[in-house]
$ cat data-v8.tsv   # TSV, C-alpha atoms
chain	number	residue	atom	x	y	z
W	1264	MET	CA	98.54	-11.06	-57.76
W	1265	TYR	CA	96.45	-9.69	-54.88
W	1266	SER	CA	92.81	-9.11	-55.76
W	1267	CYS	CA	90.30	-6.81	-54.04
W	1268	ASP	CA	87.28	-8.83	-52.89
W	1269	GLN	CA	84.95	-5.84	-53.40
W	1270	CYS	CA	85.76	-4.57	-56.89
W	1271	GLY	CA	88.12	-7.19	-58.35
W	1272	LYS	CA	91.01	-4.79	-58.98
W	1273	ARG	CA	94.37	-6.58	-58.73
W	1274	TYR	CA	97.75	-5.54	-57.34
W	1275	SER	CA	101.23	-7.00	-57.53
W	1276	SER	CA	101.90	-6.43	-53.82
W	1277	GLN	CA	99.93	-6.87	-50.62
W	1278	SER	CA	100.71	-3.30	-49.55
W	1279	GLY	CA	99.18	-1.99	-52.78
W	1280	LEU	CA	96.00	-3.92	-52.08
W	1281	TYR	CA	95.99	-2.64	-48.47
W	1282	HIS	CA	96.11	1.00	-49.58
W	1283	HIS	CA	93.44	0.35	-52.23
W	1284	ARG	CA	91.02	-1.13	-49.67
W	1285	ASN	CA	91.05	2.18	-47.82
W	1286	ILE	CA	88.94	3.55	-50.67
W	1287	HIS	CA	86.11	1.18	-49.78
W	1288	THR	CA	86.31	1.81	-46.02
W	1289	SER	CA	87.10	5.55	-46.07
W	1290	MET	CA	85.08	7.91	-43.88
W	1291	TYR	CA	85.76	10.82	-46.24
W	1292	LYS	CA	82.83	10.58	-48.61
W	1293	CYS	CA	81.69	13.14	-51.17
W	1294	THR	CA	78.08	14.15	-50.49
W	1295	GLU	CA	77.46	14.96	-54.17
W	1296	CYS	CA	78.58	11.78	-55.94
W	1297	GLY	CA	79.32	9.30	-53.13
W	1298	LYS	CA	83.01	8.86	-53.98
W	1299	CYS	CA	85.20	7.87	-51.01
W	1300	CYS	CA	88.61	9.48	-50.44
W	1301	GLN	CA	91.49	8.41	-48.23
W	1302	SER	CA	91.94	11.76	-46.46
W	1303	SER	CA	90.24	15.10	-45.89
W	1304	SER	CA	92.72	16.81	-48.24
W	1305	ALA	CA	91.94	14.27	-50.98
W	1306	LEU	CA	88.24	14.93	-50.47
W	1307	ALA	CA	88.84	18.69	-50.72
W	1308	ARG	CA	90.69	18.19	-54.02
W	1309	HIS	CA	87.88	15.98	-55.32
W	1310	ARG	CA	85.20	18.53	-54.44
W	1311	ARG	CA	86.82	21.02	-56.82
W	1312	SER	CA	85.63	18.79	-59.69
W	1313	HIS	CA	82.05	19.64	-58.66
W	1314	SER	CA	82.57	23.32	-57.85
W	1315	GLY	CA	84.65	24.05	-60.93
W	1316	GLU	CA	87.37	25.72	-58.86
W	1317	LYS	CA	90.79	25.62	-60.59
W	1318	PRO	CA	93.37	27.45	-58.47
W	1319	PHE	CA	96.49	26.24	-60.31
W	1320	GLU	CA	97.39	28.10	-63.55
W	1321	CYS	CA	99.98	27.26	-66.21
W	1322	THR	CA	102.38	30.17	-66.73
W	1323	VAL	CA	102.85	29.29	-70.41
W	1324	CYS	CA	99.32	28.82	-71.77
W	1325	SER	CA	97.17	29.99	-68.80
W	1326	LYS	CA	95.30	26.68	-68.63
W	1327	ARG	CA	93.97	26.08	-65.12
W	1328	PHE	CA	93.77	22.91	-63.01
W	1329	THR	CA	92.05	21.67	-59.88
W	1330	GLN	CA	95.20	19.99	-58.50
W	1331	SER	CA	98.86	20.98	-58.39
W	1332	GLY	CA	99.87	17.52	-59.61
W	1333	HIS	CA	97.80	18.00	-62.74
W	1334	LEU	CA	99.62	21.28	-63.40
W	1335	VAL	CA	103.00	19.58	-62.97
W	1336	ARG	CA	102.08	16.87	-65.50
W	1337	HIS	CA	100.67	19.48	-67.90
W	1338	SER	CA	103.87	21.56	-67.70
W	1339	ARG	CA	105.81	18.64	-69.20
W	1340	ILE	CA	103.90	19.22	-72.47
W	1341	HIS	CA	105.70	22.55	-72.80
W	1342	SER	CA	109.08	21.35	-71.51
W	1343	GLY	CA	109.06	17.99	-73.32
W	1344	ASP	CA	110.29	16.32	-70.13
W	1345	LYS	CA	109.59	12.57	-69.95
W	1346	PRO	CA	111.11	11.35	-66.68
W	1347	TYR	CA	109.39	7.94	-66.58
W	1348	LYS	CA	111.35	5.44	-68.68
W	1349	CYS	CA	110.50	1.83	-69.50
W	1350	HIS	CA	113.36	-0.50	-68.52
W	1351	LEU	CA	112.35	-3.03	-71.20
W	1352	CYS	CA	112.27	-0.74	-74.24
W	1353	ASP	CA	113.26	2.79	-75.22
W	1354	LYS	CA	109.91	4.47	-74.56
W	1355	SER	CA	109.62	7.35	-72.09
W	1356	PHE	CA	106.55	9.01	-70.61
W	1357	SER	CA	105.68	12.32	-68.99
W	1358	ASP	CA	103.28	10.69	-66.52
W	1359	SER	CA	103.85	7.72	-64.21
W	1360	GLY	CA	100.35	6.43	-64.95
W	1361	ASP	CA	101.17	6.22	-68.66
W	1362	LEU	CA	104.27	4.17	-67.85
W	1363	THR	CA	102.20	1.83	-65.67
W	1364	LYS	CA	99.75	1.30	-68.54
W	1365	HIS	CA	102.62	0.78	-70.99
W	1366	MET	CA	104.24	-1.89	-68.81
W	1367	ARG	CA	101.16	-4.04	-69.26
W	1368	VAL	CA	102.13	-4.34	-72.94
W	1369	HIS	CA	105.21	-6.26	-71.78
W	1370	THR	CA	103.63	-8.17	-68.88
W	1371	GLY	CA	100.26	-8.92	-70.47
W	1372	ASP	CA	98.59	-7.93	-67.20
W	1373	LYS	CA	94.86	-7.12	-67.39
W	1374	PRO	CA	93.79	-6.10	-63.87
W	1375	TYR	CA	90.33	-4.79	-64.74
W	1376	LYS	CA	87.76	-7.58	-64.98
W	1377	CYS	CA	84.16	-7.27	-66.20
W	1378	SER	CA	81.79	-8.58	-63.52
W	1379	LEU	CA	79.23	-9.57	-66.17
W	1380	CYS	CA	81.26	-11.66	-68.64
W	1381	ASN	CA	84.67	-12.05	-66.91
W	1382	LYS	CA	86.52	-10.41	-69.80
W	1383	SER	CA	89.69	-8.66	-68.61
W	1384	PHE	CA	91.20	-5.33	-69.68
W	1385	SER	CA	94.52	-3.56	-69.23
W	1386	GLU	CA	92.88	-0.16	-68.53
W	1387	SER	CA	89.85	0.87	-66.49
W	1388	SER	CA	88.63	3.12	-69.32
W	1389	HIS	CA	88.58	0.09	-71.65
W	1390	LEU	CA	86.46	-1.79	-69.09
W	1391	GLN	CA	83.97	1.08	-68.79
W	1392	THR	CA	83.72	1.36	-72.58
W	1393	HIS	CA	83.18	-2.41	-72.82
W	1394	LYS	CA	80.34	-2.30	-70.29
W	1395	ARG	CA	78.59	0.56	-72.09
W	1396	HIS	CA	78.95	-0.96	-75.56
W	1397	VAL	CA	78.26	-4.61	-74.77
W	1398	HIS	CA	76.15	-4.89	-71.63
W	1399	THR	CA	73.93	-1.79	-71.70
W	1400	ASN	CA	71.72	-0.06	-74.23
W	1401	ARG	CA	71.89	3.33	-72.51
W	1402	ARG	CA	72.50	6.10	-75.06
W	1403	PRO	CA	72.49	9.50	-73.31
W	1404	TYR	CA	74.14	11.53	-76.09
W	1405	GLN	CA	72.04	12.85	-79.00
W	1406	CYS	CA	73.01	14.15	-82.43
W	1407	PRO	CA	71.70	17.74	-82.81
W	1408	PHE	CA	71.08	17.22	-86.55
W	1409	CYS	CA	69.21	13.91	-86.81
W	1410	GLY	CA	68.39	12.98	-83.22
W	1411	LYS	CA	70.32	9.70	-83.28
W	1412	MET	CA	71.42	8.58	-79.81
W	1413	PHE	CA	74.91	7.43	-78.82
W	1414	LYS	CA	76.60	5.84	-75.83
W	1415	THR	CA	79.53	8.28	-75.65
W	1416	ASN	CA	80.05	11.97	-76.39
W	1417	SER	CA	83.05	11.15	-78.59
W	1418	LYS	CA	80.80	8.99	-80.79
W	1419	VAL	CA	78.46	11.94	-81.27
W	1420	LYS	CA	81.35	14.23	-82.27
W	1421	CYS	CA	82.50	11.73	-84.88
W	1422	HIS	CA	78.96	11.17	-86.17
W	1423	VAL	CA	78.31	14.92	-86.61
W	1424	ARG	CA	81.03	14.99	-89.28
W	1425	ILE	CA	78.61	13.11	-91.56
W	1426	HIS	CA	76.21	16.06	-91.42
W	1427	THR	CA	78.82	18.84	-91.59
W	1428	ASP	CA	81.16	17.07	-94.04
W	1429	THR	CA	84.07	17.98	-91.74
W	1430	LYS	CA	87.37	16.37	-92.72
W	1431	PRO	CA	89.86	17.11	-89.94
W	1432	HIS	CA	92.56	14.66	-91.05
W	1433	SER	CA	94.82	16.09	-93.77
W	1434	CYS	CA	97.66	14.40	-95.66
W	1435	ARG	CA	101.09	15.99	-95.16
W	1436	HIS	CA	102.16	14.98	-98.67
W	1437	CYS	CA	99.19	16.11	-100.77
W	1438	SER	CA	95.97	18.10	-100.55
W	1439	ASP	CA	93.71	15.14	-99.70
W	1440	ARG	CA	91.64	15.36	-96.51
W	1441	PHE	CA	89.72	12.66	-94.69
W	1442	MET	CA	86.82	12.36	-92.29
W	1443	TRP	CA	88.33	9.48	-90.29
W	1444	SER	CA	91.88	8.85	-89.06
W	1445	ARG	CA	91.91	5.30	-90.40
W	1446	GLN	CA	91.15	6.68	-93.88
W	1447	LEU	CA	94.21	8.91	-93.65
W	1448	LYS	CA	96.32	6.02	-92.39
W	1449	ARG	CA	95.26	3.83	-95.32
W	1450	HIS	CA	95.91	6.70	-97.74
W	1451	LEU	CA	99.45	7.18	-96.40
W	1452	LEU	CA	100.17	3.46	-96.74
W	1453	VAL	CA	98.71	3.05	-100.23
W	1454	SER	CA	99.58	6.38	-101.86
W	1455	HIS	CA	102.78	7.45	-100.10
W	1456	ASN	CA	104.18	4.19	-98.73
W	1457	GLU	CA	104.32	5.74	-95.25
W	1458	GLY	CA	103.69	3.57	-92.22
W	1459	THR	CA	103.60	-0.16	-91.62
W	1460	TRP	CA	100.95	-2.65	-92.62
W	1461	LEU	CA	99.74	-5.00	-89.87
W	1462	VAL	CA	99.93	-8.54	-91.27
W	1463	CYS	CA	98.03	-11.62	-90.11
W	1464	ASN	CA	100.58	-14.33	-89.26
W	1465	ILE	CA	98.16	-17.04	-90.40
W	1466	CYS	CA	96.90	-15.89	-93.81
W	1467	GLN	CA	99.16	-12.87	-94.47
W	1468	LYS	CA	96.21	-10.53	-95.00
W	1469	LYS	CA	97.11	-6.86	-94.43
W	1470	PHE	CA	95.33	-4.39	-92.16
W	1471	VAL	CA	95.61	-0.69	-91.41
W	1472	THR	CA	94.70	-0.70	-87.70
W	1473	SER	CA	95.27	-3.09	-84.81
W	1474	ASP	CA	91.50	-3.15	-84.17
W	1475	ASP	CA	90.89	-4.51	-87.68
W	1476	LEU	CA	93.61	-7.13	-87.21
W	1477	ASN	CA	92.23	-8.17	-83.81
W	1478	VAL	CA	88.74	-8.66	-85.25
W	1479	HIS	CA	90.24	-10.68	-88.11
W	1480	MET	CA	92.19	-12.90	-85.69
W	1481	ARG	CA	88.99	-13.72	-83.83
W	1482	ARG	CA	87.71	-15.37	-87.00
W	1483	HIS	CA	90.79	-17.59	-87.12
W	1484	ASN	CA	90.52	-18.41	-83.41
W	1485	GLY	CA	86.74	-18.74	-83.36
W	1486	VAL	CA	86.44	-16.25	-80.48
W	1487	LYS	CA	83.07	-14.49	-80.30
W	1488	PRO	CA	83.18	-12.17	-77.26
W	1489	TYR	CA	79.95	-10.29	-77.93
W	1490	VAL	CA	76.97	-12.17	-76.50
W	1491	CYS	CA	73.34	-11.27	-77.07
W	1492	SER	CA	71.48	-10.57	-73.82
W	1493	ASP	CA	68.21	-11.94	-75.26
W	1494	CYS	CA	69.42	-15.21	-76.80
W	1495	PRO	CA	72.53	-17.46	-76.78
W	1496	LYS	CA	73.97	-16.11	-80.04
W	1497	CYS	CA	77.55	-14.77	-80.03
W	1498	PHE	CA	79.34	-12.47	-82.48
W	1499	PHE	CA	82.84	-11.44	-83.52
W	1500	THR	CA	82.15	-7.68	-83.38
W	1501	SER	CA	79.97	-5.26	-81.45
W	1502	THR	CA	78.56	-4.02	-84.78
W	1503	ALA	CA	77.34	-7.51	-85.64
W	1504	LEU	CA	75.79	-7.81	-82.19
W	1505	LYS	CA	73.96	-4.48	-82.57
W	1506	SER	CA	72.63	-5.54	-85.97
W	1507	HIS	CA	71.40	-8.83	-84.53
W	1508	GLN	CA	69.72	-7.21	-81.51
W	1509	LEU	CA	67.30	-5.49	-83.88
W	1510	VAL	CA	65.64	-8.90	-84.24
W	1511	HIS	CA	64.54	-8.67	-80.61
W	1512	SER	CA	63.33	-5.08	-80.97
W	1513	ASP	CA	59.99	-3.74	-82.20
W	1514	ILE	CA	61.53	-0.39	-83.14
W	1515	ARG	CA	61.67	0.22	-86.90
W	1516	ASN	CA	63.72	3.34	-87.56
W	1517	PHE	CA	63.88	3.10	-91.38
W	1518	GLY	CA	60.75	4.06	-93.34
W	1519	CYS	CA	59.88	4.20	-97.03
W	1520	ILE	CA	58.89	7.73	-98.13
W	1521	LEU	CA	56.54	6.32	-100.79
W	1522	CYS	CA	54.40	3.88	-98.84
W	1523	ASN	CA	55.33	4.55	-95.19
W	1524	LYS	CA	56.30	0.93	-94.63
W	1525	SER	CA	59.01	0.65	-91.95
W	1526	PHE	CA	61.99	-1.65	-91.53
W	1527	LEU	CA	64.49	-2.73	-88.91
W	1528	ARG	CA	67.58	-2.22	-91.08
W	1529	LYS	CA	68.74	0.42	-93.54
W	1530	HIS	CA	69.65	-2.03	-96.32
W	1531	SER	CA	66.12	-3.48	-96.12
W	1532	VAL	CA	64.45	-0.15	-96.79
W	1533	VAL	CA	66.90	0.60	-99.64
W	1534	LYS	CA	66.04	-2.73	-101.30
W	1535	HIS	CA	62.32	-2.16	-100.74
W	1536	PHE	CA	62.44	1.40	-102.10
W	1537	LYS	CA	63.73	0.23	-105.48
W	1538	THR	CA	60.80	-2.19	-105.85
W	1539	CYS	CA	58.28	0.28	-104.48
W	1540	ALA	CA	59.40	3.10	-106.80
W	1541	SER	CA	59.12	0.83	-109.85
W	1542	LYS	CA	55.61	-0.32	-108.92
W	1543	LEU	CA	54.34	3.22	-108.36
W	1544	GLY	CA	55.88	4.59	-111.55
W	1545	PHE	CA	58.66	6.56	-109.91
W	1546	SER	CA	61.48	4.80	-111.68
W	1547	ASP	CA	63.16	8.14	-112.40
W	1548	MET	CA	63.78	8.51	-108.64
W	1549	LEU	CA	66.13	5.53	-108.81
W	1550	MET	CA	68.45	7.58	-110.99
W	1551	LEU	CA	68.96	10.23	-108.29

$ encode --input "data-v8.tsv" --output "structure tokens"
Amino acid sequence: MYSCDQCGKRYSSQSGLYHHRNIHTSMYKCTECGKCCQSSSALARHRRSHSGEKPFECTVCSKRFTQSGHLVRHSRIHSGDKPYKCHLCDKSFSDSGDLTKHMRVHTGDKPYKCSLCNKSFSESSHLQTHKRHVHTNRRPYQCPFCGKMFKTNSKVKCHVRIHTDTKPHSCRHCSDRFMWSRQLKRHLLVSHNEGTWLVCNICQKKFVTSDDLNVHMRRHNGVKPYVCSDCPKCFFTSTALKSHQLVHSDIRNFGCILCNKSFLRKHSVVKHFKTCASKLGFSDMLML
């Protein structure tokens, strides 16, 4: 593997690394975001992302694109054409980039390396998500209903379902609907015997999603990839890390409506509320 000494990205050939390095040394730089392009035409295409110009239109659905290549890839959605075939299995793809990502399933290659903890990823998007979730506390996206902040826009969209009671995932066999895709997947497995359980090869425990199985396997292997930035403690999941980091924070988001006492965690205020309501003679509120 040939690795870039500036960003750590790896390539299987020296020529691939050579072409990649042009990005770092390019004279064609966007004045709005600082991105470097390899040619003036590439820079012109990139600038359309800022101007909003989309000169290429799909003749089937009228969707517009900034680049002709994007239109070509989009057109395969309508035609069903998948010209990029994996030579190791039967899978085919409509985009060469998707085939490249798929091949890493067979090779185990993880070319994107985190500069903070050295953890490697098979896709750049996974690396960016890892950095946001693990190494930063920046939360630029806000829920319009409760004001809660999130690290990604997709997280906000999922969270809003709690307020709107939206259940976009429907069962094809019955009338049941679900808020989350994993709930539907579990329902199909349990109620309709559709799908395949993911089984731990050590203890035979069954899981619905690969994420759940991966977290479970960490407990067998003792791998704790989530490290607290304020102390040496490590955790199996990002959720456990977030819960722990409240110890280092002075922010208490959960308050008792009876005595105004505040708490770090939700379960703490729930436990306190039961005691507080009994002491103040509001035991009937516990029945609500």

$ residues_near_point --input "data-v8.tsv" --point "(92.4, -1.3, -69.8)" --cutoff "10 Å" --atoms "all atoms listed in the file" --output "list in words"
Lys1364, Arg1367, Asp1372, Lys1373, Pro1374, Tyr1375, Lys1376, Ser1383, Phe1384, Ser1385, Glu1386, Ser1387, Ser1388, His1389, Leu1390, Gln1391, Thr1392 and His1393 of chain W

$ residues_around --input "data-v8.tsv" --residues "Leu1476 (chain W)" --least-positions-apart "3" --cutoff "8 Å" --atoms "all atoms listed in the file" --output "VMD selection string"
chain W and resid 1461 to 1463 1470 to 1473 1479 to 1480

$ write_last_selection --input "data-v8.tsv" --atoms "C-alpha atoms" --output "compact mmCIF listing (two decimals), keeping the file's coordinate frame"
# COMPACT_ATOMS: atom_id res chain seq x y z
CA LEU W 1461 99.74 -5.00 -89.87
CA VAL W 1462 99.93 -8.54 -91.27
CA CYS W 1463 98.03 -11.62 -90.11
CA PHE W 1470 95.33 -4.39 -92.16
CA VAL W 1471 95.61 -0.69 -91.41
CA THR W 1472 94.70 -0.70 -87.70
CA SER W 1473 95.27 -3.09 -84.81
CA HIS W 1479 90.24 -10.68 -88.11
CA MET W 1480 92.19 -12.90 -85.69

$ closest_residue --input "data-v8.tsv" --among "W:Ser1492, W:Ser1276, W:Gln1467, W:Ser1525" --to "Asn1400 (chain W)" --atoms "all atoms listed in the file"
W:Ser1492

$ atom_distance --input "data-v8.tsv" --atom1 "CA of His1282 (chain W)" --atom2 "CA of Glu1295 (chain W)"
23.7 Å

$ atom_distance --input "data-v8.tsv" --atom1 "CA of Ser1501 (chain W)" --atom2 "CA of Val1397 (chain W)"
6.9 Å

$ closest_residue --input "data-v8.tsv" --among "W:Arg1339, W:Arg1435, W:Arg1284, W:Lys1505" --to "His1398 (chain W)" --atoms "only C-alpha atoms"
W:Lys1505

$ atom_distance --input "data-v8.tsv" --atom1 "CA of Asp1493 (chain W)" --atom2 "CA of His1535 (chain W)"
27.9 Å

$ residues_around --input "data-v8.tsv" --residues "region 1309-1322 of chain W" --least-positions-apart "5" --cutoff "12 Å" --atoms "only C-alpha atoms" --output "compact mmCIF listing (two decimals) with C-alpha atoms, in the coordinates of the input"
# COMPACT_ATOMS: atom_id res chain seq x y z
CA TYR W 1291 85.76 10.82 -46.24
CA LYS W 1292 82.83 10.58 -48.61
CA CYS W 1293 81.69 13.14 -51.17
CA THR W 1294 78.08 14.15 -50.49
CA GLU W 1295 77.46 14.96 -54.17
CA CYS W 1296 78.58 11.78 -55.94
CA GLY W 1297 79.32 9.30 -53.13
CA LYS W 1298 83.01 8.86 -53.98
CA CYS W 1299 85.20 7.87 -51.01
CA CYS W 1300 88.61 9.48 -50.44
CA GLN W 1301 91.49 8.41 -48.23
CA SER W 1302 91.94 11.76 -46.46
CA SER W 1303 90.24 15.10 -45.89
CA SER W 1304 92.72 16.81 -48.24
CA ARG W 1327 93.97 26.08 -65.12
CA PHE W 1328 93.77 22.91 -63.01
CA THR W 1329 92.05 21.67 -59.88
CA GLN W 1330 95.20 19.99 -58.50
CA SER W 1331 98.86 20.98 -58.39
CA GLY W 1332 99.87 17.52 -59.61
CA HIS W 1333 97.80 18.00 -62.74
CA LEU W 1334 99.62 21.28 -63.40
CA VAL W 1335 103.00 19.58 -62.97
CA ARG W 1336 102.08 16.87 -65.50
CA HIS W 1337 100.67 19.48 -67.90
CA SER W 1338 103.87 21.56 -67.70
CA ARG W 1339 105.81 18.64 -69.20
CA ILE W 1340 103.90 19.22 -72.47
CA HIS W 1341 105.70 22.55 -72.80

$ residues_around --input "data-v8.tsv" --residues "Phe1356 (chain W)" --least-positions-apart "6" --cutoff "8 Å" --atoms "only C-alpha atoms" --output "MDAnalysis selection string"
chainID W and resid 1345:1348 1362

$ residues_around --input "data-v8.tsv" --residues "Gly1518 (chain W)" --least-positions-apart "5" --cutoff "10 Å" --atoms "all atoms listed in the file" --output "JSON, numbers by chain"
{"W": [1523, 1524, 1525, 1526, 1527, 1528, 1529, 1531, 1532, 1533, 1535, 1536]}

$ closest_residue --input "data-v8.tsv" --among "W:Cys1522, W:Pro1431, W:Cys1491, W:Gly1279" --to "Leu1509 (chain W)" --atoms "only C-alpha atoms"
W:Cys1491

$ residues_around --input "data-v8.tsv" --residues "His1432 (chain W)" --least-positions-apart "2" --cutoff "12 Å" --atoms "only C-alpha atoms" --output "ChimeraX atom specification"
/W:1424,1429-1430,1434-1435,1437-1451
